[in-house]
Amino acid sequence: MDVQERLPDARAALRERVKQRRRQAERRTRNRYLLIRALSFIVVLGAWQIYGASTLEIIFTPFTAVIAHLYELLVSGPLAGAILYSVSMFLGGLVIGSIIGITLGVAMGRFAVFEAAVGMYVYAIYSTPLVALIPLISLWFGFGVQAQLIIISMFVLFPVTIAVYNGVRSVDPSLVEVARSFRANEMAMWRHVIIPSVVPYIVTGLSQGVAMGLVGMFISEIYTALSGMGQILAFSANAYKTADMLAVLLTVMILGGFFRTVIEELRKRLAPWFNKDTGR
Amino acid sequence: MTVPTQARRAKATASNISKWYGDLEVLHDVSLEIFQHEFVCLLGPSGCGKTTLLRILDGLIVPDEGTVQLDDKVITGPPRQAAVVFQQFGLFPWKTVSQNVAFPLVLAGVPQTQINEKVQWAVELVGLKGFEAAFPDNLSGGMRQRVGIARALALGPELLLMDEPFASVDAYTRELLQGELLSIWERFRQTVVFVTHSIDEAITLADRIVVMKTKPGEVYHVFDVPIDRPRTVDTVRKHPAYEPLRETIWQDMLKGSGRDV
């Protein structure tokens, strides 16, 4: 073989080496961040453990004690039932709030007349602390499941509405023109242009809705009839059972993280083109 | 391959078009005949209303005065026979290359098997084979506009309206795309109206160049390009008629934009 013929081989080998080196570098970076996370986790939990062990039980309890209480509450205590109740209420409120919010946001964004008629109330209620409305809701709907669902839905409703409204307003007019130029009717316009542009905004609204819905869940359970995880939190707080309180808080954190992951997966599934960094 | 004058049939006719944006008259009494199988460039500086005129030809904008006829029928909206290539590509970021190209076919209700065939044909025609599943955001500007061109060609339009299609790509890619457009067009000979502000581009591509003047936008002068086809970017530049025509049009544009020369 002469040099000319061997050149492609050499080049392919070089390309392979470069690729391999890049993969190694990526793996190293990934491992480094994993290590940092693990270290940070150990430091925080360690601090928690040490501080918890060194102070009064009603101020703070060690991490291991919290885990033990969590296990206790789950297996022989009321926590499993409470999680089931709270999560069902939360999901119910999330669904109701999202459906109303998406509808309201789309209608406000697409129909100027509707926005003119309704927009100001949406903004007015959005800027009111919803907690302040709870006495009124209790007055009208009592302290039961119905009132709780309404409260959670309202917490979900507004962030979703606002996000979807912004999404519909920011549909690229040049893409609307493209669709018009290819003779799209109103149905095709929705299917090919408006809905796909709004989907990422809906997902953003939903992830805010999830965060607000969890707030609404606790508030509804504490400010109406004591129930679900809110009840355990309130009881353990009144009884100075700090470990139980922390166990409930830990559960909510895990739940919140879980729902956020679900929403993020949903975004990847529904809007694979959408890049969080570039906003499109 | 020139068609004798008497056999020329008007494909699109703009008659006495005027358009105002508020107090600004963008187009003033523009009349223009585009003949069948002709490649016409609308050439003028920014603000001469050439893009507005193109949108009026597609029925996207309704003129305040005047009408557009396509095949002797007055248009009232985007016609089925016309397709537009947009300056900013106008691709849907949520659609893949194939789905973007298929868009007009889907809207026109073409059966799915035919859609696949036509998309494949158009994608190969513009040299994007292998990129069918890519999203526009992962393509270069030149490749995006290839998608835009494939999309416009997929339905087999009789009138192709191109709005500064190569203004958003780099100079090197622009020349490549000009060459590819030349060879595609010389195969199919759709009627083309091509908006540009580049004299070179106009001479390279067009049979006729319509120079527009500004404030308000009007048809100023029309020039025939006496360069035989098939052309390439290179043969056009080296053609003896190229430099004189370029100079004439340059002077004309200067005069048209109100500068004394």
# chains A, B, ... in the order shown; residues from 1 in each chain; ligands from 1
$ select_by_dssp --residues "range 47-188 of chain A" --states "helix (DSSP H, G or I)" --output "count of residues only"
117
$ interface_residues --of "chain B" --to "chain A" --cutoff "12 Å" --atoms "only C-alpha atoms" --output "PyMOL selection string"
chain B and resi 54-61+76-96+99-109+133-138+148+151-155+157+160-161
$ atom_distance --atom1 "CA of Gly205 in chain A" --atom2 "CA of Val164 in chain A"
6.7 Å
$ residues_around --residues "range 225-237 of chain B" --least-positions-apart "6" --cutoff "8 Å" --atoms "only C-alpha atoms" --output "PDB file with all heavy atoms, in the first residue's frame"
ATOM      1  N   MET B   1     -33.829  29.050 -25.548  1.00  0.00           N
ATOM      2  CA  MET B   1     -35.224  28.607 -25.423  1.00  0.00           C
ATOM      3  C   MET B   1     -36.109  29.785 -25.057  1.00  0.00           C
ATOM      4  O   MET B   1     -36.674  29.878 -23.983  1.00  0.00           O
ATOM      5  CB  MET B   1     -35.315  27.523 -24.322  1.00  0.00           C
ATOM      6  CG  MET B   1     -36.622  26.757 -24.363  1.00  0.00           C
ATOM      7  SD  MET B   1     -36.609  25.477 -23.094  1.00  0.00           S
ATOM      8  CE  MET B   1     -38.240  25.642 -22.434  1.00  0.00           C
ATOM      9  N   GLU B 175     -24.398  32.081  -3.214  1.00  0.00           N
ATOM     10  CA  GLU B 175     -24.028  31.756  -4.598  1.00  0.00           C
ATOM     11  C   GLU B 175     -24.330  30.309  -4.932  1.00  0.00           C
ATOM     12  O   GLU B 175     -24.810  29.998  -6.026  1.00  0.00           O
ATOM     13  CB  GLU B 175     -22.542  32.059  -4.844  1.00  0.00           C
ATOM     14  CG  GLU B 175     -22.316  33.538  -5.070  1.00  0.00           C
ATOM     15  CD  GLU B 175     -21.010  33.849  -5.802  1.00  0.00           C
ATOM     16  OE1 GLU B 175     -20.410  32.909  -6.358  1.00  0.00           O
ATOM     17  OE2 GLU B 175     -20.611  35.012  -5.802  1.00  0.00           O
ATOM     18  N   GLN B 178     -28.043  30.112  -5.455  1.00  0.00           N
ATOM     19  CA  GLN B 178     -28.419  30.717  -6.737  1.00  0.00           C
ATOM     20  C   GLN B 178     -28.204  29.719  -7.868  1.00  0.00           C
ATOM     21  O   GLN B 178     -29.065  29.531  -8.730  1.00  0.00           O
ATOM     22  CB  GLN B 178     -27.591  31.979  -6.999  1.00  0.00           C
ATOM     23  CG  GLN B 178     -28.015  33.168  -6.152  1.00  0.00           C
ATOM     24  CD  GLN B 178     -27.025  34.321  -6.235  1.00  0.00           C
ATOM     25  OE1 GLN B 178     -25.984  34.211  -6.889  1.00  0.00           O
ATOM     26  NE2 GLN B 178     -27.317  35.417  -5.569  1.00  0.00           N
ATOM     27  N   GLY B 179     -27.029  29.071  -7.848  1.00  0.00           N
ATOM     28  CA  GLY B 179     -26.721  28.089  -8.883  1.00  0.00           C
ATOM     29  C   GLY B 179     -27.712  26.941  -8.886  1.00  0.00           C
ATOM     30  O   GLY B 179     -28.190  26.512  -9.949  1.00  0.00           O
ATOM     31  N   LEU B 182     -31.016  28.056 -10.247  1.00  0.00           N
ATOM     32  CA  LEU B 182     -30.948  28.137 -11.707  1.00  0.00           C
ATOM     33  C   LEU B 182     -31.185  26.770 -12.330  1.00  0.00           C
ATOM     34  O   LEU B 182     -31.997  26.627 -13.249  1.00  0.00           O
ATOM     35  CB  LEU B 182     -29.578  28.649 -12.142  1.00  0.00           C
ATOM     36  CG  LEU B 182     -29.392  30.163 -12.235  1.00  0.00           C
ATOM     37  CD1 LEU B 182     -27.959  30.495 -12.599  1.00  0.00           C
ATOM     38  CD2 LEU B 182     -30.349  30.763 -13.251  1.00  0.00           C
ATOM     39  N   SER B 183     -30.499  25.753 -11.830  1.00  0.00           N
ATOM     40  CA  SER B 183     -30.618  24.454 -12.495  1.00  0.00           C
ATOM     41  C   SER B 183     -31.982  23.832 -12.236  1.00  0.00           C
ATOM     42  O   SER B 183     -32.545  23.192 -13.130  1.00  0.00           O
ATOM     43  CB  SER B 183     -29.475  23.519 -12.103  1.00  0.00           C
ATOM     44  OG  SER B 183     -29.605  23.169 -10.756  1.00  0.00           O
ATOM     45  N   GLU B 186     -34.397  25.813 -14.511  1.00  0.00           N
ATOM     46  CA  GLU B 186     -34.248  25.519 -15.941  1.00  0.00           C
ATOM     47  C   GLU B 186     -34.823  24.150 -16.285  1.00  0.00           C
ATOM     48  O   GLU B 186     -35.135  23.874 -17.437  1.00  0.00           O
ATOM     49  CB  GLU B 186     -32.772  25.669 -16.353  1.00  0.00           C
ATOM     50  CG  GLU B 186     -32.455  27.162 -16.570  1.00  0.00           C
ATOM     51  CD  GLU B 186     -30.972  27.503 -16.535  1.00  0.00           C
ATOM     52  OE1 GLU B 186     -30.147  26.581 -16.423  1.00  0.00           O
ATOM     53  OE2 GLU B 186     -30.651  28.704 -16.612  1.00  0.00           O
ATOM     54  N   ILE B 203     -29.463  39.811 -12.073  1.00  0.00           N
ATOM     55  CA  ILE B 203     -28.958  39.501 -13.413  1.00  0.00           C
ATOM     56  C   ILE B 203     -28.697  37.995 -13.550  1.00  0.00           C
ATOM     57  O   ILE B 203     -28.983  37.390 -14.577  1.00  0.00           O
ATOM     58  CB  ILE B 203     -27.670  40.294 -13.711  1.00  0.00           C
ATOM     59  CG1 ILE B 203     -27.976  41.795 -13.682  1.00  0.00           C
ATOM     60  CG2 ILE B 203     -27.096  39.899 -15.059  1.00  0.00           C
ATOM     61  CD1 ILE B 203     -26.760  42.671 -13.862  1.00  0.00           C
ATOM     62  N   THR B 204     -28.172  37.403 -12.494  1.00  0.00           N
ATOM     63  CA  THR B 204     -27.856  35.974 -12.536  1.00  0.00           C
ATOM     64  C   THR B 204     -29.103  35.140 -12.815  1.00  0.00           C
ATOM     65  O   THR B 204     -29.066  34.194 -13.598  1.00  0.00           O
ATOM     66  CB  THR B 204     -27.247  35.528 -11.193  1.00  0.00           C
ATOM     67  OG1 THR B 204     -26.113  36.352 -10.932  1.00  0.00           O
ATOM     68  CG2 THR B 204     -26.821  34.079 -11.243  1.00  0.00           C
ATOM     69  N   ALA B 206     -32.604  36.307 -13.504  1.00  0.00           N
ATOM     70  CA  ALA B 206     -33.857  36.727 -14.130  1.00  0.00           C
ATOM     71  C   ALA B 206     -33.820  36.743 -15.650  1.00  0.00           C
ATOM     72  O   ALA B 206     -32.770  36.890 -16.277  1.00  0.00           O
ATOM     73  CB  ALA B 206     -34.243  38.110 -13.626  1.00  0.00           C
ATOM     74  N   ASP B 207     -35.017  36.602 -16.260  1.00  0.00           N
ATOM     75  CA  ASP B 207     -35.220  36.942 -17.657  1.00  0.00           C
ATOM     76  C   ASP B 207     -35.479  38.441 -17.784  1.00  0.00           C
ATOM     77  O   ASP B 207     -35.034  39.078 -18.720  1.00  0.00           O
ATOM     78  CB  ASP B 207     -36.447  36.202 -18.217  1.00  0.00           C
ATOM     79  CG  ASP B 207     -36.259  34.700 -18.204  1.00  0.00           C
ATOM     80  OD1 ASP B 207     -35.143  34.256 -18.521  1.00  0.00           O
ATOM     81  OD2 ASP B 207     -37.208  33.976 -17.855  1.00  0.00           O
ATOM     82  N   ARG B 208     -36.240  38.943 -16.811  1.00  0.00           N
ATOM     83  CA  ARG B 208     -36.566  40.370 -16.811  1.00  0.00           C
ATOM     84  C   ARG B 208     -36.374  40.917 -15.408  1.00  0.00           C
ATOM     85  O   ARG B 208     -36.690  40.240 -14.428  1.00  0.00           O
ATOM     86  CB  ARG B 208     -38.038  40.574 -17.213  1.00  0.00           C
ATOM     87  CG  ARG B 208     -38.208  40.913 -18.677  1.00  0.00           C
ATOM     88  CD  ARG B 208     -39.580  41.432 -18.996  1.00  0.00           C
ATOM     89  NE  ARG B 208     -40.663  40.756 -18.300  1.00  0.00           N
ATOM     90  CZ  ARG B 208     -41.796  41.373 -17.968  1.00  0.00           C
ATOM     91  NH1 ARG B 208     -41.961  42.666 -18.237  1.00  0.00           N
ATOM     92  NH2 ARG B 208     -42.753  40.704 -17.351  1.00  0.00           N
ATOM     93  N   ILE B 209     -35.864  42.129 -15.343  1.00  0.00           N
ATOM     94  CA  ILE B 209     -35.656  42.763 -14.045  1.00  0.00           C
ATOM     95  C   ILE B 209     -36.538  44.002 -13.965  1.00  0.00           C
ATOM     96  O   ILE B 209     -36.477  44.869 -14.822  1.00  0.00           O
ATOM     97  CB  ILE B 209     -34.177  43.159 -13.856  1.00  0.00           C
ATOM     98  CG1 ILE B 209     -33.302  41.902 -13.876  1.00  0.00           C
ATOM     99  CG2 ILE B 209     -33.979  43.935 -12.554  1.00  0.00           C
ATOM    100  CD1 ILE B 209     -31.822  42.191 -13.853  1.00  0.00           C
ATOM    101  N   GLU B 243     -21.467  43.152 -17.251  1.00  0.00           N
ATOM    102  CA  GLU B 243     -20.983  44.412 -16.661  1.00  0.00           C
ATOM    103  C   GLU B 243     -21.784  45.628 -17.123  1.00  0.00           C
ATOM    104  O   GLU B 243     -22.209  46.431 -16.287  1.00  0.00           O
ATOM    105  CB  GLU B 243     -19.491  44.594 -16.938  1.00  0.00           C
ATOM    106  CG  GLU B 243     -18.586  43.944 -15.900  1.00  0.00           C
ATOM    107  CD  GLU B 243     -18.885  44.385 -14.464  1.00  0.00           C
ATOM    108  OE1 GLU B 243     -19.230  45.569 -14.250  1.00  0.00           O
ATOM    109  OE2 GLU B 243     -18.792  43.523 -13.558  1.00  0.00           O
ATOM    110  N   LEU B 245     -24.835  45.822 -18.214  1.00  0.00           N
ATOM    111  CA  LEU B 245     -26.189  45.789 -17.667  1.00  0.00           C
ATOM    112  C   LEU B 245     -26.175  46.172 -16.193  1.00  0.00           C
ATOM    113  O   LEU B 245     -27.020  46.923 -15.700  1.00  0.00           O
ATOM    114  CB  LEU B 245     -26.787  44.382 -17.854  1.00  0.00           C
ATOM    115  CG  LEU B 245     -28.245  44.212 -17.414  1.00  0.00           C
ATOM    116  CD1 LEU B 245     -29.153  45.180 -18.159  1.00  0.00           C
ATOM    117  CD2 LEU B 245     -28.713  42.776 -17.616  1.00  0.00           C
TER     118      LEU B 245
END
$ residues_around --residues "range 215-222 of chain A" --least-positions-apart "4" --cutoff "7 Å" --atoms "only C-alpha atoms" --output "MDAnalysis selection string"
chainID A and resid 86 90 148 151:152 155 211 226:228 230:231
$ closest_residue --among "A:Leu79, A:Ala239, A:Ala163, A:Val210" --to "Thr103 in chain A" --atoms "only C-alpha atoms"
A:Ala163
$ residues_around --residues "Met154 in chain A" --least-positions-apart "5" --cutoff "10 Å" --atoms "only C-alpha atoms" --output "list in words"
Gly93, Leu94, Ile96, Gly97, Ser98, Ile100, Gly101, Ile125, Tyr126, Leu130, Gln148, Leu149, Pro159, Gly209, Met212, Gly213 and Gly216 of chain A
$ write_last_selection --atoms "C-alpha atoms" --output "compact mmCIF listing (two decimals), in the first residue's frame"
# COMPACT_ATOMS: atom_id res chain seq x y z
CA GLY A 93 -57.31 20.23 41.77
CA LEU A 94 -54.48 20.12 39.24
CA ILE A 96 -59.63 21.01 37.23
CA GLY A 97 -57.38 24.07 37.52
CA SER A 98 -55.39 23.15 34.41
CA ILE A 100 -60.05 25.82 33.26
CA GLY A 101 -56.70 27.63 33.08
CA ILE A 125 -57.60 37.78 41.47
CA TYR A 126 -54.09 36.71 40.41
CA LEU A 130 -55.43 33.44 47.56
CA GLN A 148 -60.54 21.90 49.31
CA LEU A 149 -60.74 21.05 45.62
CA PRO A 159 -50.24 30.47 36.81
CA GLY A 209 -49.30 24.93 38.61
CA MET A 212 -48.68 26.25 43.48
CA GLY A 213 -51.03 23.28 43.72
CA GLY A 216 -52.81 25.02 47.85
$ residues_around --residues "Ala167 in chain B" --least-positions-apart "4" --cutoff "10 Å" --atoms "only C-alpha atoms" --output "JSON, numbers by chain"
{"B": [87, 88, 163, 171, 174, 195, 196, 197, 198]}
$ closest_residue --among "B:Glu38, B:Glu117, B:Glu132, B:Glu33" --to "Arg189 in chain B" --atoms "only C-alpha atoms"
B:Glu38
$ residues_around --residues "Pro45 in chain B" --least-positions-apart "3" --cutoff "8 Å" --atoms "only C-alpha atoms" --output "PDB file with N, CA, C and O atoms, in the first residue's frame"
ATOM      1  N   CYS B  48     -38.911  50.034  -0.963  1.00  0.00           N
ATOM      2  CA  CYS B  48     -39.537  50.344  -2.251  1.00  0.00           C
ATOM      3  C   CYS B  48     -40.834  49.571  -2.419  1.00  0.00           C
ATOM      4  O   CYS B  48     -41.499  49.665  -3.433  1.00  0.00           O
ATOM      5  N   HIS B 197     -32.591  42.708  -3.415  1.00  0.00           N
ATOM      6  CA  HIS B 197     -32.002  44.046  -3.519  1.00  0.00           C
ATOM      7  C   HIS B 197     -30.610  43.963  -4.123  1.00  0.00           C
ATOM      8  O   HIS B 197     -29.872  44.940  -4.137  1.00  0.00           O
ATOM      9  N   MET B 212     -37.565  48.979  -9.100  1.00  0.00           N
ATOM     10  CA  MET B 212     -38.580  49.795  -8.432  1.00  0.00           C
ATOM     11  C   MET B 212     -37.933  51.008  -7.793  1.00  0.00           C
ATOM     12  O   MET B 212     -36.771  50.979  -7.400  1.00  0.00           O
ATOM     13  N   LYS B 213     -38.683  52.086  -7.713  1.00  0.00           N
ATOM     14  CA  LYS B 213     -38.172  53.271  -7.035  1.00  0.00           C
ATOM     15  C   LYS B 213     -38.938  53.480  -5.735  1.00  0.00           C
ATOM     16  O   LYS B 213     -40.010  52.922  -5.543  1.00  0.00           O
ATOM     17  N   THR B 214     -38.345  54.274  -4.853  1.00  0.00           N
ATOM     18  CA  THR B 214     -38.924  54.401  -3.509  1.00  0.00           C
ATOM     19  C   THR B 214     -39.761  55.670  -3.368  1.00  0.00           C
ATOM     20  O   THR B 214     -39.645  56.608  -4.138  1.00  0.00           O
ATOM     21  N   MET B 253     -31.055  52.607 -10.536  1.00  0.00           N
ATOM     22  CA  MET B 253     -31.493  52.512  -9.139  1.00  0.00           C
ATOM     23  C   MET B 253     -31.138  53.783  -8.379  1.00  0.00           C
ATOM     24  O   MET B 253     -31.918  54.249  -7.541  1.00  0.00           O
ATOM     25  N   SER B 257     -33.880  56.162  -6.591  1.00  0.00           N
ATOM     26  CA  SER B 257     -33.974  56.453  -5.166  1.00  0.00           C
ATOM     27  C   SER B 257     -33.704  57.937  -4.911  1.00  0.00           C
ATOM     28  O   SER B 257     -33.416  58.338  -3.795  1.00  0.00           O
TER      29      SER B 257
END
$ closest_residue --among "A:Gln20, A:Ser54, A:Thr61, A:Ser40" --to "Tyr240 in chain A" --atoms "only C-alpha atoms"
A:Thr61
